[in-house]
>>> print(open('work17.cif').read())   # mmCIF, C-alpha atoms and all ligand atoms
data_protein
loop_
_atom_site.label_atom_id
_atom_site.label_comp_id
_atom_site.auth_asym_id
_atom_site.auth_seq_id
_atom_site.Cartn_x
_atom_site.Cartn_y
_atom_site.Cartn_z
CA MET A 1 94.27 112.96 84.22
CA ASP A 2 93.46 116.40 82.77
CA THR A 3 93.02 117.81 86.28
CA PHE A 4 96.60 116.90 87.17
CA LYS A 5 97.97 118.00 83.79
CA ASN A 6 96.25 121.34 84.30
CA ARG A 7 97.79 121.72 87.76
CA ARG A 8 101.25 121.01 86.34
CA ALA A 9 100.60 123.52 83.55
CA ARG A 10 99.56 126.15 86.09
CA LEU A 11 102.66 125.55 88.20
CA LEU A 12 104.88 125.69 85.11
CA ALA A 13 103.28 129.01 84.17
CA ARG A 14 103.85 130.39 87.68
CA MET A 15 107.50 129.27 87.60
CA GLY A 16 108.08 131.04 84.29
CA THR A 17 111.57 129.60 83.92
CA GLY A 18 113.71 127.01 85.68
CA VAL A 19 113.41 123.38 86.73
CA ALA A 20 111.33 121.95 89.57
CA VAL A 21 112.31 118.68 91.25
CA ILE A 22 109.46 117.23 93.33
CA PRO A 23 110.06 113.80 94.88
CA THR A 24 107.32 111.71 96.42
CA ALA A 25 107.59 110.42 100.00
CA PRO A 26 109.94 107.53 100.80
CA GLU A 27 108.69 104.26 102.21
CA ARG A 28 109.43 104.15 105.94
CA LEU A 29 110.23 101.11 108.06
CA ARG A 30 107.95 100.54 111.05
CA ASN A 31 110.08 97.74 112.38
CA ARG A 32 112.26 95.04 110.86
CA ASP A 33 111.04 94.21 107.33
CA SER A 34 107.67 95.84 107.94
CA HIS A 35 106.78 99.26 106.53
CA TYR A 36 104.28 101.89 107.61
CA PRO A 37 101.36 101.97 105.18
CA TYR A 38 102.64 103.96 102.22
CA ARG A 39 101.36 107.46 101.58
CA ALA A 40 102.57 109.69 98.75
CA ASP A 41 103.92 113.17 99.42
CA SER A 42 101.04 115.66 99.34
CA TYR A 43 102.71 118.05 96.85
CA PHE A 44 103.66 115.22 94.53
CA HIS A 45 100.16 113.75 94.76
CA TYR A 46 98.58 117.13 94.02
CA LEU A 47 100.59 117.44 90.82
CA CYS A 48 100.39 113.94 89.38
CA ALA A 49 98.62 111.35 91.59
CA PHE A 50 101.23 108.74 90.69
CA PRO A 51 100.84 106.22 93.52
CA GLU A 52 104.20 104.45 93.74
CA PRO A 53 107.15 105.25 96.01
CA GLU A 54 110.58 105.95 94.47
CA ALA A 55 109.17 108.48 92.03
CA VAL A 56 110.18 112.04 91.17
CA LEU A 57 108.38 114.69 89.13
CA VAL A 58 110.59 117.06 87.15
CA LEU A 59 109.02 120.15 85.60
CA ILE A 60 110.93 122.18 83.04
CA ALA A 61 109.47 125.65 82.61
CA GLY A 62 110.14 127.97 79.68
CA ASP A 63 108.99 128.36 76.12
CA THR A 64 108.31 124.63 75.79
CA PRO A 65 107.15 123.49 79.25
CA ARG A 66 107.67 119.80 79.91
CA SER A 67 106.80 117.43 82.72
CA LEU A 68 108.86 114.29 83.28
CA LEU A 69 108.41 111.39 85.66
CA PHE A 70 111.16 109.20 87.07
CA CYS A 71 109.77 105.95 88.46
CA ARG A 72 110.64 102.32 89.17
CA ASP A 73 111.20 100.07 86.20
CA LYS A 74 108.99 97.08 85.60
CA ASP A 75 110.41 94.07 87.51
CA ALA A 76 108.59 90.75 87.24
CA ASP A 77 110.31 89.29 90.29
CA LYS A 78 109.65 92.26 92.58
CA GLU A 79 106.09 92.60 91.31
CA THR A 80 105.49 89.02 92.46
CA TRP A 81 106.32 90.12 96.01
CA THR A 82 104.96 93.64 96.25
CA GLY A 83 102.52 94.11 93.40
CA HIS A 84 102.08 95.98 90.16
CA ARG A 85 104.49 98.69 89.01
CA PHE A 86 103.58 100.93 86.10
CA GLY A 87 107.10 101.28 84.75
CA PRO A 88 108.07 104.45 82.84
CA GLU A 89 106.31 103.62 79.59
CA ALA A 90 102.86 102.90 81.02
CA ALA A 91 103.21 105.67 83.62
CA CYS A 92 103.97 108.21 80.90
CA GLU A 93 100.85 107.31 78.99
CA HIS A 94 98.50 106.76 81.92
CA PHE A 95 99.41 109.93 83.84
CA GLY A 96 99.99 112.21 80.86
CA PHE A 97 103.68 113.10 81.22
CA ASP A 98 105.76 114.33 78.29
CA ALA A 99 108.34 111.63 79.06
CA ALA A 100 109.18 109.12 81.79
CA HIS A 101 112.46 107.46 82.77
CA ALA A 102 113.69 104.81 85.15
CA ILE A 103 114.40 106.20 88.62
CA ASP A 104 117.86 104.61 88.40
CA SER A 105 118.79 107.12 85.71
CA LEU A 106 117.87 110.18 87.80
CA ASP A 107 121.26 110.90 89.37
CA GLN A 108 122.93 110.70 85.98
CA MET A 109 120.30 112.89 84.26
CA LEU A 110 119.84 115.53 86.98
CA PRO A 111 123.02 117.51 86.16
CA GLU A 112 121.97 117.65 82.49
CA LEU A 113 118.48 118.78 83.47
CA LEU A 114 119.83 121.50 85.76
CA ALA A 115 122.60 122.77 83.47
CA ASN A 116 122.11 126.32 82.16
CA GLN A 117 118.78 126.74 83.93
CA PRO A 118 118.34 130.05 85.77
CA SER A 119 116.65 128.56 88.82
CA LEU A 120 115.88 125.39 90.71
CA TRP A 121 112.50 124.92 92.42
CA PHE A 122 112.87 122.46 95.26
CA SER A 123 111.77 121.82 98.88
CA LEU A 124 115.17 122.52 100.42
CA GLY A 125 115.37 121.33 104.03
CA HIS A 126 112.51 118.83 103.85
CA GLU A 127 114.56 115.60 103.54
CA GLN A 128 118.26 115.59 104.28
CA ALA A 129 118.95 112.78 101.81
CA TRP A 130 117.32 114.83 99.05
CA ASP A 131 119.22 118.00 99.99
CA GLU A 132 122.44 116.00 99.58
CA ARG A 133 121.32 114.50 96.29
CA ILE A 134 120.49 117.92 94.88
CA THR A 135 123.79 119.34 96.16
CA ARG A 136 125.67 116.56 94.36
CA ALA A 137 123.80 117.32 91.14
CA LEU A 138 124.48 121.07 91.41
CA ASN A 139 128.17 120.41 92.09
CA ALA A 140 128.32 118.11 89.10
CA VAL A 141 127.05 120.96 86.91
CA ARG A 142 129.52 123.39 88.50
CA GLU A 143 132.36 121.01 87.61
CA GLN A 144 131.36 121.45 83.96
CA SER A 145 131.85 125.24 84.08
CA ARG A 146 134.93 125.14 81.85
CA SER A 147 132.84 123.54 79.14
CA GLY A 148 130.37 126.41 79.43
CA SER A 149 127.66 124.90 81.66
CA HIS A 150 126.46 126.85 84.65
CA ALA A 151 124.32 125.79 87.56
CA PRO A 152 121.09 127.57 88.59
CA THR A 153 121.86 130.73 90.53
CA ALA A 154 118.56 130.83 92.42
CA ILE A 155 116.76 128.20 94.48
CA HIS A 156 113.04 128.78 95.13
CA ASP A 157 110.94 126.82 97.60
CA VAL A 158 108.51 125.14 95.20
CA ARG A 159 106.21 124.37 98.13
CA LEU A 160 105.23 128.02 98.57
CA THR A 161 104.06 128.27 94.98
CA VAL A 162 102.06 125.04 95.21
CA ASP A 163 100.68 126.08 98.62
CA ALA A 164 98.99 129.07 97.04
CA MET A 165 97.38 126.74 94.49
CA ARG A 166 96.37 124.18 97.13
CA LEU A 167 94.62 126.84 99.20
CA ILE A 168 91.81 127.13 96.64
CA LYS A 169 90.27 123.74 96.02
CA ASP A 170 89.20 122.87 92.48
CA GLU A 171 86.13 120.84 91.53
CA GLN A 172 87.96 117.51 91.67
CA GLU A 173 89.21 118.24 95.19
CA ILE A 174 85.84 119.51 96.41
CA ALA A 175 84.13 116.36 95.12
CA VAL A 176 86.62 114.09 96.95
CA MET A 177 86.42 116.15 100.14
CA ARG A 178 82.61 116.08 100.15
CA ARG A 179 82.74 112.29 99.90
CA ALA A 180 85.44 112.03 102.62
CA ALA A 181 83.34 114.20 104.95
CA SER A 182 80.26 112.13 104.21
CA ILE A 183 82.07 108.88 105.09
CA SER A 184 83.40 110.43 108.30
CA ALA A 185 79.94 111.71 109.23
CA ALA A 186 78.56 108.19 108.79
CA ALA A 187 81.38 106.92 111.01
CA HIS A 188 80.42 109.37 113.74
CA SER A 189 76.79 108.26 113.54
CA ARG A 190 77.90 104.65 113.77
CA ALA A 191 80.08 105.46 116.79
CA MET A 192 77.15 107.17 118.53
CA ARG A 193 74.96 104.13 117.96
CA ALA A 194 77.64 101.82 119.34
CA THR A 195 78.42 103.84 122.46
CA ALA A 196 77.18 102.61 125.82
CA PRO A 197 78.45 102.49 129.41
CA GLY A 198 81.01 99.70 129.87
CA LYS A 199 82.32 99.80 126.30
CA PHE A 200 86.00 100.63 125.87
CA GLU A 201 87.17 103.65 123.93
CA TYR A 202 89.01 101.38 121.48
CA GLN A 203 85.80 99.54 120.71
CA ILE A 204 84.26 102.82 119.56
CA GLU A 205 87.44 103.58 117.59
CA ALA A 206 86.96 100.21 115.86
CA GLU A 207 83.49 101.32 114.71
CA LEU A 208 85.00 104.45 113.15
CA LEU A 209 87.74 102.49 111.39
CA HIS A 210 85.22 99.95 110.12
CA GLU A 211 83.07 102.64 108.53
CA PHE A 212 86.11 104.35 106.99
CA ARG A 213 87.46 101.22 105.33
CA ALA A 214 84.11 99.71 104.45
CA SER A 215 83.33 102.92 102.56
CA GLY A 216 86.57 102.89 100.57
CA SER A 217 88.68 105.31 102.57
CA GLN A 218 92.33 104.25 102.56
CA ALA A 219 93.20 105.34 106.11
CA PRO A 220 92.28 107.68 108.95
CA ALA A 221 93.48 111.22 108.14
CA TYR A 222 95.01 111.34 111.66
CA THR A 223 94.92 109.14 114.74
CA SER A 224 91.35 109.04 116.02
CA ILE A 225 90.73 110.67 119.39
CA VAL A 226 88.14 108.70 121.38
CA ALA A 227 88.16 110.37 124.76
CA GLY A 228 85.72 109.51 127.55
CA GLY A 229 85.17 111.71 130.61
CA ALA A 230 88.24 113.66 131.73
CA ASN A 231 90.23 112.36 128.73
CA ALA A 232 88.25 114.84 126.58
CA CYS A 233 90.26 117.60 128.28
CA ILE A 234 93.51 116.14 126.85
CA LEU A 235 93.51 117.71 123.40
CA HIS A 236 95.56 115.04 121.61
CA TYR A 237 94.43 112.01 123.64
CA VAL A 238 94.99 108.91 121.49
CA ASP A 239 95.44 106.09 124.04
CA ASN A 240 91.77 105.16 123.54
CA ASN A 241 92.04 102.39 126.14
CA ARG A 242 89.68 103.31 128.95
CA ALA A 243 86.19 101.99 129.77
CA LEU A 244 83.33 104.45 129.25
CA LYS A 245 81.21 105.26 132.27
CA ASP A 246 77.54 106.04 132.69
CA GLY A 247 77.03 109.76 133.25
CA GLU A 248 80.16 110.98 131.45
CA MET A 249 80.66 112.51 128.01
CA LEU A 250 82.58 111.06 125.08
CA LEU A 251 84.53 113.28 122.67
CA ILE A 252 85.39 111.79 119.28
CA ASP A 253 87.68 113.64 116.86
CA ALA A 254 88.03 111.41 113.80
CA GLY A 255 88.09 111.77 110.05
CA CYS A 256 88.99 109.54 107.16
CA GLU A 257 91.43 110.19 104.35
CA LEU A 258 90.01 109.55 100.90
CA ASP A 259 92.23 109.57 97.79
CA GLY A 260 94.73 111.73 99.68
CA TYR A 261 92.23 114.20 101.16
CA ALA A 262 91.46 114.63 104.86
CA SER A 263 88.21 115.17 106.66
CA ASP A 264 88.20 116.33 110.27
CA ILE A 265 85.07 116.02 112.42
CA THR A 266 84.54 116.19 116.18
CA ARG A 267 81.39 115.30 118.05
CA SER A 268 80.82 115.19 121.82
CA PHE A 269 77.92 113.34 123.40
CA PRO A 270 76.84 111.56 126.59
CA VAL A 271 77.91 107.92 126.93
CA ASN A 272 74.41 106.94 128.07
CA GLY A 273 72.65 108.77 125.23
CA ARG A 274 70.94 111.47 127.35
CA PHE A 275 72.48 114.87 128.07
CA SER A 276 72.39 115.83 131.76
CA GLY A 277 71.55 119.46 132.61
CA PRO A 278 75.18 120.59 133.04
CA GLN A 279 76.30 118.61 129.96
CA ALA A 280 73.54 120.29 127.92
CA ASP A 281 74.61 123.70 129.28
CA VAL A 282 78.20 123.28 128.10
CA TYR A 283 77.23 121.55 124.86
CA GLY A 284 74.58 124.15 124.04
CA LEU A 285 77.12 126.92 124.58
CA VAL A 286 79.70 125.35 122.26
CA LEU A 287 77.00 124.73 119.65
CA ASP A 288 75.94 128.40 119.80
CA VAL A 289 79.59 129.39 119.48
CA GLN A 290 80.06 127.16 116.45
CA THR A 291 76.88 128.50 114.83
CA ALA A 292 78.18 132.06 115.22
CA ALA A 293 81.62 131.10 113.89
CA ILE A 294 80.08 129.38 110.85
CA ALA A 295 77.98 132.50 110.19
CA ALA A 296 81.23 134.49 109.99
CA VAL A 297 82.59 132.36 107.12
CA ARG A 298 82.04 133.91 103.70
CA ALA A 299 84.06 135.19 100.79
CA GLY A 300 85.68 138.49 101.69
CA ALA A 301 85.71 137.83 105.44
CA ARG A 302 89.09 137.44 107.13
CA PHE A 303 90.46 134.07 108.26
CA ASN A 304 90.32 135.18 111.89
CA ASP A 305 86.71 136.43 111.83
CA PRO A 306 85.19 133.05 112.84
CA HIS A 307 87.65 132.82 115.77
CA GLU A 308 86.84 136.33 116.94
CA ALA A 309 83.09 135.68 116.64
CA ALA A 310 83.54 132.43 118.59
CA LEU A 311 85.51 134.02 121.41
CA LYS A 312 82.90 136.69 122.17
CA ILE A 313 80.09 134.16 122.62
CA LEU A 314 82.24 131.56 124.32
CA VAL A 315 83.56 133.96 126.93
CA ARG A 316 80.03 135.35 127.54
CA GLY A 317 78.88 131.77 128.15
CA MET A 318 81.84 130.98 130.41
CA LEU A 319 80.86 133.98 132.54
CA ASP A 320 77.24 132.77 132.67
CA LEU A 321 78.41 129.29 133.76
CA LYS A 322 80.62 130.91 136.41
CA LEU A 323 83.78 129.43 134.96
CA LEU A 324 85.12 132.98 134.56
CA HIS A 325 84.47 136.24 136.35
CA GLY A 326 84.60 139.83 135.16
CA THR A 327 83.80 141.15 131.69
CA VAL A 328 83.86 139.62 128.21
CA ASP A 329 86.43 142.11 126.93
CA GLY A 330 88.54 141.82 130.08
CA ASN A 331 88.73 138.02 129.81
CA ILE A 332 89.53 138.16 126.09
CA GLU A 333 92.21 140.77 126.76
CA SER A 334 93.79 138.77 129.62
CA GLU A 335 93.30 135.48 127.75
CA ALA A 336 91.86 133.97 130.95
CA TYR A 337 89.52 131.93 128.71
CA LYS A 338 92.53 129.90 127.55
CA ARG A 339 92.21 127.84 130.70
CA PHE A 340 89.13 126.28 129.06
CA TYR A 341 89.73 126.97 125.35
CA MET A 342 93.40 126.76 124.49
CA HIS A 343 93.34 126.17 120.74
CA ARG A 344 92.17 128.21 117.80
CA THR A 345 88.86 127.84 115.97
CA SER A 346 90.04 126.99 112.45
CA HIS A 347 92.77 125.59 110.26
CA TRP A 348 92.96 124.94 106.54
CA LEU A 349 91.93 121.45 105.46
CA GLY A 350 92.93 119.54 102.33
CA LEU A 351 95.51 116.93 101.45
CA ASP A 352 96.96 117.50 104.93
CA VAL A 353 94.61 117.69 107.88
CA HIS A 354 96.37 120.88 108.93
CA ASP A 355 96.68 121.92 105.33
CA THR A 356 99.27 124.18 103.80
CA GLY A 357 98.54 127.77 102.93
CA GLU A 358 99.30 131.14 104.47
CA TYR A 359 97.10 132.39 107.30
CA LYS A 360 98.34 135.95 106.96
CA GLN A 361 99.47 138.17 104.09
CA GLY A 362 101.97 140.40 105.80
CA GLU A 363 100.17 141.71 108.88
CA GLN A 364 96.69 141.09 107.46
CA TRP A 365 94.71 137.91 108.01
CA GLN A 366 94.11 135.99 104.78
CA SER A 367 90.90 137.03 103.08
CA LEU A 368 88.54 134.07 102.55
CA GLN A 369 87.80 133.15 98.94
CA PRO A 370 85.42 130.64 97.34
CA GLY A 371 87.07 127.22 97.22
CA MET A 372 88.99 127.55 100.48
CA MET A 373 88.28 124.78 102.99
CA LEU A 374 88.64 125.31 106.74
CA THR A 375 87.49 123.66 109.94
CA ILE A 376 85.27 125.36 112.51
CA GLU A 377 86.04 123.71 115.83
CA PRO A 378 85.28 125.60 119.04
CA GLY A 379 85.49 123.74 122.33
CA CYS A 380 85.28 124.07 126.08
CA TYR A 381 87.37 121.81 128.31
CA ILE A 382 86.62 121.96 132.03
CA ARG A 383 89.00 120.02 134.23
CA ALA A 384 88.04 119.35 137.84
CA ALA A 385 89.27 122.10 140.16
CA ASP A 386 88.22 123.60 143.49
CA ASP A 387 87.15 126.92 141.97
CA ILE A 388 84.94 125.32 139.29
CA PRO A 389 81.28 124.38 139.92
CA ALA A 390 81.35 120.61 140.55
CA ALA A 391 78.57 119.93 138.03
CA PHE A 392 80.94 120.85 135.19
CA HIS A 393 83.97 118.84 136.30
CA ASP A 394 85.62 116.81 133.54
CA ILE A 395 83.21 117.89 130.82
CA GLY A 396 85.12 118.39 127.57
CA VAL A 397 83.21 119.43 124.47
CA ARG A 398 84.43 120.18 120.97
CA ILE A 399 82.23 120.46 117.88
CA GLU A 400 84.13 120.44 114.61
CA ASP A 401 82.88 120.70 111.04
CA ASP A 402 84.47 121.22 107.65
CA ALA A 403 83.45 124.38 105.78
CA LEU A 404 83.83 125.15 102.08
CA VAL A 405 83.88 128.91 101.50
CA THR A 406 81.32 130.00 98.92
CA ALA A 407 80.50 133.41 97.46
CA SER A 408 77.61 133.94 99.85
CA GLY A 409 78.72 132.01 102.94
CA CYS A 410 79.87 128.45 103.34
CA GLU A 411 78.83 124.87 102.75
CA ILE A 412 79.28 122.56 105.74
CA ILE A 413 80.41 119.43 103.95
CA SER A 414 80.33 117.41 107.21
CA HIS A 415 76.69 118.32 107.94
CA GLU A 416 75.54 114.69 107.98
CA ALA A 417 77.14 114.04 111.38
CA PRO A 418 74.38 114.47 114.02
CA LYS A 419 74.94 117.68 115.96
CA THR A 420 71.92 119.09 117.76
CA ILE A 421 71.10 117.61 121.17
CA ALA A 422 67.82 116.27 119.76
CA ALA A 423 69.55 114.68 116.74
CA ILE A 424 72.26 113.03 118.84
CA GLU A 425 69.79 111.69 121.41
CA ALA A 426 67.58 110.34 118.62
CA VAL A 427 70.47 108.52 116.90
CA MET A 428 71.64 107.02 120.17
CA ARG A 429 68.13 106.00 121.19
CA ASP A 430 67.35 104.42 117.83
CA GLY A 431 70.73 102.68 117.72
CA ARG A 432 70.05 100.70 120.86
N1 LIG B 501 92.04 116.50 114.35
C1 LIG B 501 92.99 117.53 114.39
C2 LIG B 501 92.38 118.83 114.55
O1 LIG B 501 91.22 118.93 114.85
O2 LIG B 501 93.00 119.84 114.32
MN MN B 502 90.74 120.21 113.15
MN MN B 503 89.81 117.37 114.56
#
>>> encode(input="work17.cif", output="structure tokens", more="lines below")
Ligand code: GLY
Ligand code: MN
Ligand code: MN
Amino acid sequence: MDTFKNRRARLLARMGTGVAVIPTAPERLRNRDSHYPYRADSYFHYLCAFPEPEAVLVLIAGDTPRSLLFCRDKDADKETWTGHRFGPEAACEHFGFDAAHAIDSLDQMLPELLANQPSLWFSLGHEQAWDERITRALNAVREQSRSGSHAPTAIHDVRLTVDAMRLIKDEQEIAVMRRAASISAAAHSRAMRATAPGKFEYQIEAELLHEFRASGSQAPAYTSIVAGGANACILHYVDNNRALKDGEMLLIDAGCELDGYASDITRSFPVNGRFSGPQADVYGLVLDVQTAAIAAVRAGARFNDPHEAALKILVRGMLDLKLLHGTVDGNIESEAYKRFYMHRTSHWLGLDVHDTGEYKQGEQWQSLQPGMMLTIEPGCYIRAADDIPAAFHDIGVRIEDDALVTASGCEIISHEAPKTIAAIEAVMRDGR
């Protein structure tokens, strides 16, 4: 509880003055009477970890900073159908707010809370229904102008302020993310052991999901990509419905979400458990590229350094494999390599799999600092084509790990997922 109180205190200090209104995510219908699994809004979760829908955090900055929660009232009948609700009283005590109120009183209380405040901190443009609700509250204050009340004159995007906080993970976040990565790594090992010619991609996906849930993860952090053969060259392939064939590779990009936090791991390996020569050539190249990119991660380096380190080695290797022709610099300059490597090497990782946080400060790439978490995920995707050596057709390889920036380098929190050719072949051999 102190972790979340501290985060609210830090945000209140950064605001200085004004009122922040931070709603959690709404429940969303999947189809008639049936909802998508509920997930709280990431900003709301970061600041209070209150798990129920229909909840709003209100922060009042100033000389006496206060944090208020609006949440659903206790309701014995509804709790019979959908489970426990804290109710304002228990929520206030359990989550350490200064006060809590029934969500039904929010619209009536908002104008009072906003009156005579210099600024409103809100995620304008995120949810239309909320924009309208806030507009109604502001107009209600404006209608009171003859009695001396005035509405906030400035609206700040509260997300930007929280983004800067979310970029540097604290100890609580790092502990959860280490555990999430460890569960995902175990899931990848399990998937390797289960893979064999004739299995369907969805059967391997089921192994991943089993390991996630059996280990306490609430959900996948994103839809698992289980892509055999040429499907590995479709970056966001999620059909996962094809049979795996002897002699082809399987690319799995899958990570669990644990207590709100994502992990994001990719492994690529042969369906039959033994790398062929050409598969080992491409895999070995991407592994060398990833090793170089990881070596470029350390406090003080720039966000783009791992990508630049990756490109040099990747393009050199593409020339050696005769996928490209010419010089390293020429192919980087012309971006000819994008035919085989069309995404970037890293993104921030946290509550969101593509986490919030600026990548640049003005024209300069963000400088890496201890506590930042980013993925390192080079790849090489070779679709069949007349001008490509046949041995490499339909080989798609990505290797993705999750890196915590430290003072001297980085900690690969996903290191338990087998990665060298020898380690992968051993796991697949022993799993049979
Ligand atoms: N799994 C999404 C990504 O790798 O960015
Ligand atoms: Mn990723
Ligand atoms: Mn991924």
>>> residues_near_ligand(input="work17.cif", ligand="ligand LIG 501 (chain B)", cutoff="8 Å", atoms="all atoms listed in the file", output="mmCIF file with C-alpha atoms, in the frame of the given file")
data_model
loop_
_atom_site.group_PDB
_atom_site.id
_atom_site.type_symbol
_atom_site.label_atom_id
_atom_site.label_comp_id
_atom_site.auth_asym_id
_atom_site.auth_seq_id
_atom_site.Cartn_x
_atom_site.Cartn_y
_atom_site.Cartn_z
ATOM 1 C CA TYR A 222 95.010 111.340 111.660
ATOM 2 C CA THR A 223 94.920 109.140 114.740
ATOM 3 C CA SER A 224 91.350 109.040 116.020
ATOM 4 C CA ILE A 225 90.730 110.670 119.390
ATOM 5 C CA ASP A 253 87.680 113.640 116.860
ATOM 6 C CA ALA A 254 88.030 111.410 113.800
ATOM 7 C CA GLY A 255 88.090 111.770 110.050
ATOM 8 C CA ASP A 264 88.200 116.330 110.270
ATOM 9 C CA ILE A 265 85.070 116.020 112.420
ATOM 10 C CA THR A 266 84.540 116.190 116.180
ATOM 11 C CA SER A 346 90.040 126.990 112.450
ATOM 12 C CA HIS A 347 92.770 125.590 110.260
ATOM 13 C CA VAL A 353 94.610 117.690 107.880
ATOM 14 C CA HIS A 354 96.370 120.880 108.930
ATOM 15 C CA THR A 375 87.490 123.660 109.940
ATOM 16 C CA GLU A 377 86.040 123.710 115.830
ATOM 17 C CA GLU A 400 84.130 120.440 114.610
#
>>> closest_residue(input="work17.cif", among="A:Trp348, A:Phe392, A:Tyr359, A:Tyr202", to="ligand MN 502 (chain B)", atoms="all atoms listed in the file")
A:Trp348
>>> closest_residue(input="work17.cif", among="A:Pro389, A:Pro197, A:Gly300, A:Gly18", to="Pro65 (chain A)", atoms="only C-alpha atoms")
A:Gly18
>>> closest_atom_pairs(input="work17.cif", of="region 314-420 of chain A", to="region 282-288 of chain A", cutoff="7 Å", atoms="all atoms listed in the file", output="tab-separated table")
residue	atom	partner	partner_atom	distance
A:Leu314	CA	A:Leu285	CA	6.9
A:Gly317	CA	A:Leu285	CA	6.3
A:Pro378	CA	A:Val286	CA	6.4
A:Gly379	CA	A:Val286	CA	6.0
A:Cys380	CA	A:Val286	CA	6.9
A:Val397	CA	A:Tyr283	CA	6.4
A:Ile399	CA	A:Leu287	CA	7.0
>>> closest_residue(input="work17.cif", among="A:Cys48, A:Ala422, A:Val226, A:Val271", to="Arg193 (chain A)", atoms="all atoms listed in the file")
A:Val271
>>> closest_residue(input="work17.cif", among="A:Leu235, A:Leu47, A:Ile421, A:Ala309", to="Asp281 (chain A)", atoms="all atoms listed in the file")
A:Ile421
>>> axis_aligned_box(input="work17.cif", around="region 35-46 of chain A", padding_each_side="8 Å", output="lines of an AutoDock Vina configuration file")
center_x = 102.7
center_y = 108.7
center_z = 100.8
size_x = 24.2
size_y = 34.8
size_z = 29.6
>>> closest_residue(input="work17.cif", among="A:Cys256, A:Leu69, A:Leu323, A:Leu250", to="Ala385 (chain A)", atoms="all atoms listed in the file")
A:Leu323
>>> residues_around(input="work17.cif", residues="region 29-38 of chain A", least_positions_apart="6", cutoff="12 Å", atoms="only C-alpha atoms", output="list in words")
Pro51, Glu52, Pro53, Glu54, Thr82, Gln218, Ala219, Pro220 and Gly260 of chain A
